[in-house]
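Participant: As input, take protein_37.cif (mmCIF, C-alpha atoms):
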```cif
data_input
loop_
_atom_site.group_PDB
_atom_site.id
_atom_site.type_symbol
_atom_site.label_atom_id
_atom_site.label_comp_id
_atom_site.auth_asym_id
_atom_site.auth_seq_id
_atom_site.Cartn_x
_atom_site.Cartn_y
_atom_site.Cartn_z
ATOM 1 C CA MET H 1 5.419 5.079 -20.358
ATOM 2 C CA ARG H 2 3.764 3.647 -23.419
ATOM 3 C CA TYR H 3 1.351 0.738 -22.913
ATOM 4 C CA HIS H 4 0.051 -1.554 -25.652
ATOM 5 C CA LEU H 5 -3.340 -2.863 -24.589
ATOM 6 C CA PHE H 6 -4.726 -6.163 -25.836
ATOM 7 C CA GLN H 7 -8.336 -7.231 -25.557
ATOM 8 C CA PRO H 8 -10.187 -10.540 -26.067
ATOM 9 C CA ILE H 9 -12.163 -9.378 -29.106
ATOM 10 C CA LEU H 10 -14.160 -12.034 -30.937
ATOM 11 C CA SER H 11 -14.097 -12.018 -34.725
ATOM 12 C CA ASP H 12 -17.324 -12.260 -36.708
ATOM 13 C CA ALA H 13 -16.427 -15.882 -37.482
ATOM 14 C CA ARG H 14 -16.120 -16.718 -33.782
ATOM 15 C CA TYR H 15 -19.424 -14.976 -32.986
ATOM 16 C CA HIS H 16 -21.055 -17.072 -35.714
ATOM 17 C CA GLU H 17 -19.377 -20.234 -34.441
ATOM 18 C CA VAL H 18 -20.565 -19.810 -30.854
ATOM 19 C CA ASN H 19 -24.067 -18.752 -31.903
ATOM 20 C CA SER H 20 -24.380 -21.770 -34.230
ATOM 21 C CA ALA H 21 -22.765 -24.458 -32.101
ATOM 22 C CA GLY H 22 -23.459 -23.180 -28.586
ATOM 23 C CA ARG H 23 -20.961 -22.020 -25.976
ATOM 24 C CA SER H 24 -20.366 -25.494 -24.566
ATOM 25 C CA ASN H 25 -19.408 -26.841 -28.018
ATOM 26 C CA VAL H 26 -16.490 -24.518 -28.850
ATOM 27 C CA ASP H 27 -13.119 -25.013 -27.187
ATOM 28 C CA TRP H 28 -12.276 -21.321 -26.807
ATOM 29 C CA SER H 29 -15.490 -20.214 -25.062
ATOM 30 C CA ASN H 30 -14.408 -21.025 -21.506
ATOM 31 C CA PRO H 31 -11.102 -19.110 -21.747
ATOM 32 C CA HIS H 32 -13.012 -16.127 -23.173
ATOM 33 C CA LEU H 33 -15.686 -16.247 -20.470
ATOM 34 C CA ASP H 34 -13.112 -16.781 -17.703
ATOM 35 C CA LEU H 35 -11.109 -13.775 -18.844
ATOM 36 C CA THR H 36 -14.037 -11.403 -19.338
ATOM 37 C CA SER H 37 -15.904 -12.210 -16.127
ATOM 38 C CA TRP H 38 -14.775 -11.882 -12.507
ATOM 39 C CA LEU H 39 -10.956 -11.920 -12.896
ATOM 40 C CA GLN H 40 -8.960 -12.212 -9.685
ATOM 41 C CA PRO H 41 -5.200 -11.466 -9.539
ATOM 42 C CA GLU H 42 -4.317 -14.963 -8.309
ATOM 43 C CA ALA H 43 -6.035 -16.518 -11.360
ATOM 44 C CA ALA H 44 -4.873 -13.970 -13.935
ATOM 45 C CA ALA H 45 -1.746 -15.750 -15.231
ATOM 46 C CA GLY H 46 -3.607 -19.008 -15.891
ATOM 47 C CA ARG H 47 -6.553 -17.326 -17.554
ATOM 48 C CA VAL H 48 -4.340 -15.124 -19.728
ATOM 49 C CA THR H 49 -2.324 -18.205 -20.728
ATOM 50 C CA ASP H 50 -5.535 -20.007 -21.753
ATOM 51 C CA ALA H 51 -6.697 -16.946 -23.731
ATOM 52 C CA LEU H 52 -3.329 -16.655 -25.485
ATOM 53 C CA ASP H 53 -3.443 -20.372 -26.338
ATOM 54 C CA ALA H 54 -6.905 -19.795 -27.873
ATOM 55 C CA GLU H 55 -5.585 -16.737 -29.792
ATOM 56 C CA LEU H 56 -8.223 -14.457 -28.280
ATOM 57 C CA PHE H 57 -6.186 -11.265 -27.869
ATOM 58 C CA THR H 58 -6.201 -8.410 -30.381
ATOM 59 C CA HIS H 59 -4.306 -5.147 -30.038
ATOM 60 C CA ALA H 60 -6.952 -2.678 -28.852
ATOM 61 C CA CYS H 61 -5.011 0.540 -28.312
ATOM 62 C CA THR H 62 -1.736 2.162 -27.367
ATOM 63 C CA VAL H 63 -1.708 4.724 -24.560
ATOM 64 C CA GLU H 64 1.032 6.921 -23.196
ATOM 65 C CA THR H 65 0.615 7.604 -19.482
ATOM 66 C CA GLY H 66 2.513 7.697 -16.198
ATOM 67 C CA ASP H 67 1.673 4.363 -14.555
ATOM 68 C CA LEU H 68 -0.935 1.613 -14.284
ATOM 69 C CA GLU H 69 -3.288 3.637 -12.084
ATOM 70 C CA ALA H 70 -3.271 6.505 -14.592
ATOM 71 C CA LEU H 71 -3.764 3.986 -17.405
ATOM 72 C CA PHE H 72 -6.808 2.545 -15.636
ATOM 73 C CA ALA H 73 -8.257 6.015 -14.980
ATOM 74 C CA PHE H 74 -7.674 7.085 -18.577
ATOM 75 C CA THR H 75 -9.067 3.963 -20.278
ATOM 76 C CA ASN H 76 -12.133 3.977 -18.016
ATOM 77 C CA ARG H 77 -12.690 7.676 -18.754
ATOM 78 C CA VAL H 78 -12.374 8.611 -15.072
ATOM 79 C CA ALA H 79 -9.464 10.943 -15.818
ATOM 80 C CA PRO H 80 -9.433 11.838 -19.517
ATOM 81 C CA ASP H 81 -6.311 13.974 -19.049
ATOM 82 C CA ALA H 82 -4.321 11.163 -17.398
ATOM 83 C CA GLY H 83 -2.971 9.829 -20.686
ATOM 84 C CA ARG H 84 -2.719 10.235 -24.416
ATOM 85 C CA LEU H 85 -4.282 7.801 -26.882
ATOM 86 C CA LEU H 86 -1.761 6.996 -29.605
ATOM 87 C CA ALA H 87 -3.718 4.323 -31.510
ATOM 88 C CA SER H 88 -7.131 2.803 -30.886
ATOM 89 C CA GLN H 89 -9.320 -0.025 -32.114
ATOM 90 C CA SER H 90 -11.673 -0.500 -29.110
ATOM 91 C CA ARG H 91 -12.051 -0.254 -25.326
ATOM 92 C CA GLY H 92 -12.860 -2.801 -22.623
ATOM 93 C CA ARG H 93 -11.087 -5.278 -20.304
ATOM 94 C CA TYR H 94 -7.409 -5.328 -21.210
ATOM 95 C CA GLY H 95 -4.197 -7.197 -20.960
ATOM 96 C CA SER H 96 -1.401 -4.650 -21.074
ATOM 97 C CA VAL H 97 2.238 -4.819 -22.112
ATOM 98 C CA GLY H 98 4.358 -1.796 -21.254
ATOM 99 C CA ASP H 99 7.450 -0.531 -23.045
ATOM 100 C CA ASP H 100 9.442 -2.054 -20.181
ATOM 101 C CA GLY H 101 8.402 -5.521 -21.422
ATOM 102 C CA LYS H 102 6.279 -6.260 -18.349
ATOM 103 C CA ALA H 103 2.755 -7.631 -18.821
ATOM 104 C CA TYR H 104 -0.253 -6.927 -16.612
ATOM 105 C CA ALA H 105 -3.863 -8.114 -16.518
ATOM 106 C CA CYS H 106 -6.634 -5.686 -15.667
ATOM 107 C CA CYS H 107 -8.589 -7.540 -12.993
ATOM 108 C CA SER H 108 -11.978 -6.865 -11.473
ATOM 109 C CA PHE H 109 -10.151 -4.907 -8.767
ATOM 110 C CA GLY H 110 -6.665 -3.704 -9.626
ATOM 111 C CA TRP H 111 -3.880 -5.117 -11.739
ATOM 112 C CA ALA H 112 -2.000 -8.407 -11.701
ATOM 113 C CA GLU H 113 1.580 -8.511 -12.935
ATOM 114 C CA LEU H 114 1.951 -11.495 -15.245
ATOM 115 C CA PRO H 115 5.017 -13.747 -15.524
ATOM 116 C CA ASP H 116 7.679 -12.421 -17.912
ATOM 117 C CA SER H 117 7.147 -15.486 -20.117
ATOM 118 C CA LEU H 118 3.628 -14.262 -21.021
ATOM 119 C CA ALA H 119 4.682 -10.762 -22.143
ATOM 120 C CA GLY H 120 6.425 -12.140 -25.227
ATOM 121 C CA ARG H 121 3.362 -14.170 -26.248
ATOM 122 C CA PHE H 122 1.273 -11.107 -27.148
ATOM 123 C CA LYS H 123 1.466 -10.397 -30.870
ATOM 124 C CA PRO H 124 3.820 -7.514 -31.696
ATOM 125 C CA VAL H 125 2.177 -4.182 -32.449
ATOM 126 C CA THR H 126 3.024 -2.851 -35.897
#
```
Would you write the structure of this file as structure tokens?

Facilitator:
Amino acid sequence: MRYHLFQPILSDARYHEVNSAGRSNVDWSNPHLDLTSWLQPEAAAGRVTDALDAELFTHACTVETGDLEALFAFTNRVAPDAGRLLASQSRGRYGSVGDDGKAYACCSFGWAELPDSLAGRFKPVT
């Protein structure tokens, strides 16, 4: 299966904004921090929704692999032969949308399947 992975990557402008104003003075800082820290499956849908609302996700890479466990092993370089990188911009904590239209959040331990309504909110990969 082909997975399109999205990551909360901050632009240079957002880095400048948070460094100038302080984390507590920008409205998107909490969703970013919540998503990139200790993410539990039961909180994943809400945190991903907040991050999508703040337009934090950027397409990071596209990987072809067998399933979510192989995807995790491949993107964390545990099993470099477990998948094939088709396109890449960066690596890190991901939200993933598979070719089947399902969306998943990579949590601190394991994956959380996200509601179908969130899968369509990730920007299409061109």

Participant: Hey, what's within 8 Å of region 77-91 of chain H if we count all atoms listed in the file and toss same-chain stuff fewer than 4 positions away? As a list in words, please?

Facilitator: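 The filter keeps Gln7, His59, Ala60, Cys61, Thr62, Val63, Glu64, Thr65, Gly66, Ala70, Leu71 and Ala73 of chain H.
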
Participant: Residue by residue, what does the PyMOL selection byres ((chain H and resi 33-37) around 9) grab here? Present the result as a count of residues only.

Facilitator: 16

Participant: In Å, how far is it from CA of Ser20 (chain H) to CA of Thr49 (chain H)?

Facilitator: 26.1 Å

Participant: Return the single residue from H:Asp12, H:Asp27, H:Glu42, H:Glu55 that is closest to Phe109 (chain H), with distances computed using all atoms listed in the file.

Facilitator: H:Glu42

Participant: Between CA of Ala45 (chain H) and CA of Phe57 (chain H), what is the distance in Å, rounded to a tenth?

Facilitator: 14.1 Å

Participant: Please identify all polymer residues within 10 Å of Phe122 (chain H), counting only C-alpha atoms, omitting same-chain residues fewer than 2 positions from it, and present them as a list in words.

Facilitator: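 Near Phe122 (chain H), the qualifying residues are His4, Leu5, Phe6, Leu52, Glu55, Phe57, Thr58, His59, Gly95, Ser96, Val97, Ala103, Leu118, Ala119, Gly120, Pro124 and Val125 of chain H.
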
Participant: Enclose the full set of atoms of region 69-80 of chain H listed in the file within a box whose edges lie along x, y and z, apply 8 Å of padding to each of the six sides, and report centre and edge lengths in Å to one decimal as lines of an AutoDock Vina configuration file.

Facilitator:
```
center_x = -8.0
center_y = 7.2
center_z = -16.2
size_x = 25.4
size_y = 25.3
size_z = 24.2
```

Participant: Looking at all atoms listed in the file, which of H:Phe74, H:Asp67, H:Pro41, H:Gly46 is the one that sits closest to Asp100 (chain H)?

Facilitator: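 Using all atoms listed in the file, Asp100 (chain H) sits closest to H:Asp67.
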
Participant: What does the distance between CA of Ala43 (chain H) and CA of Ala112 (chain H) come to in Å, to one decimal place?

Facilitator: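 Interatomic distance here is 9.1 Å.
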
Participant: Which is closer to Arg121 (chain H) than all the others in H:Val26, H:Ala54, H:Val18, H:Leu68, using only C-alpha atoms?

Facilitator: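 The answer is H:Ala54, which sits nearest to Arg121 (chain H).
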
Participant: Could you tell me which of H:Ala21, H:Cys106, H:Leu10, H:Leu114 comes closest to Thr75 (chain H) if we count all atoms listed in the file?

Facilitator: H:Cys106
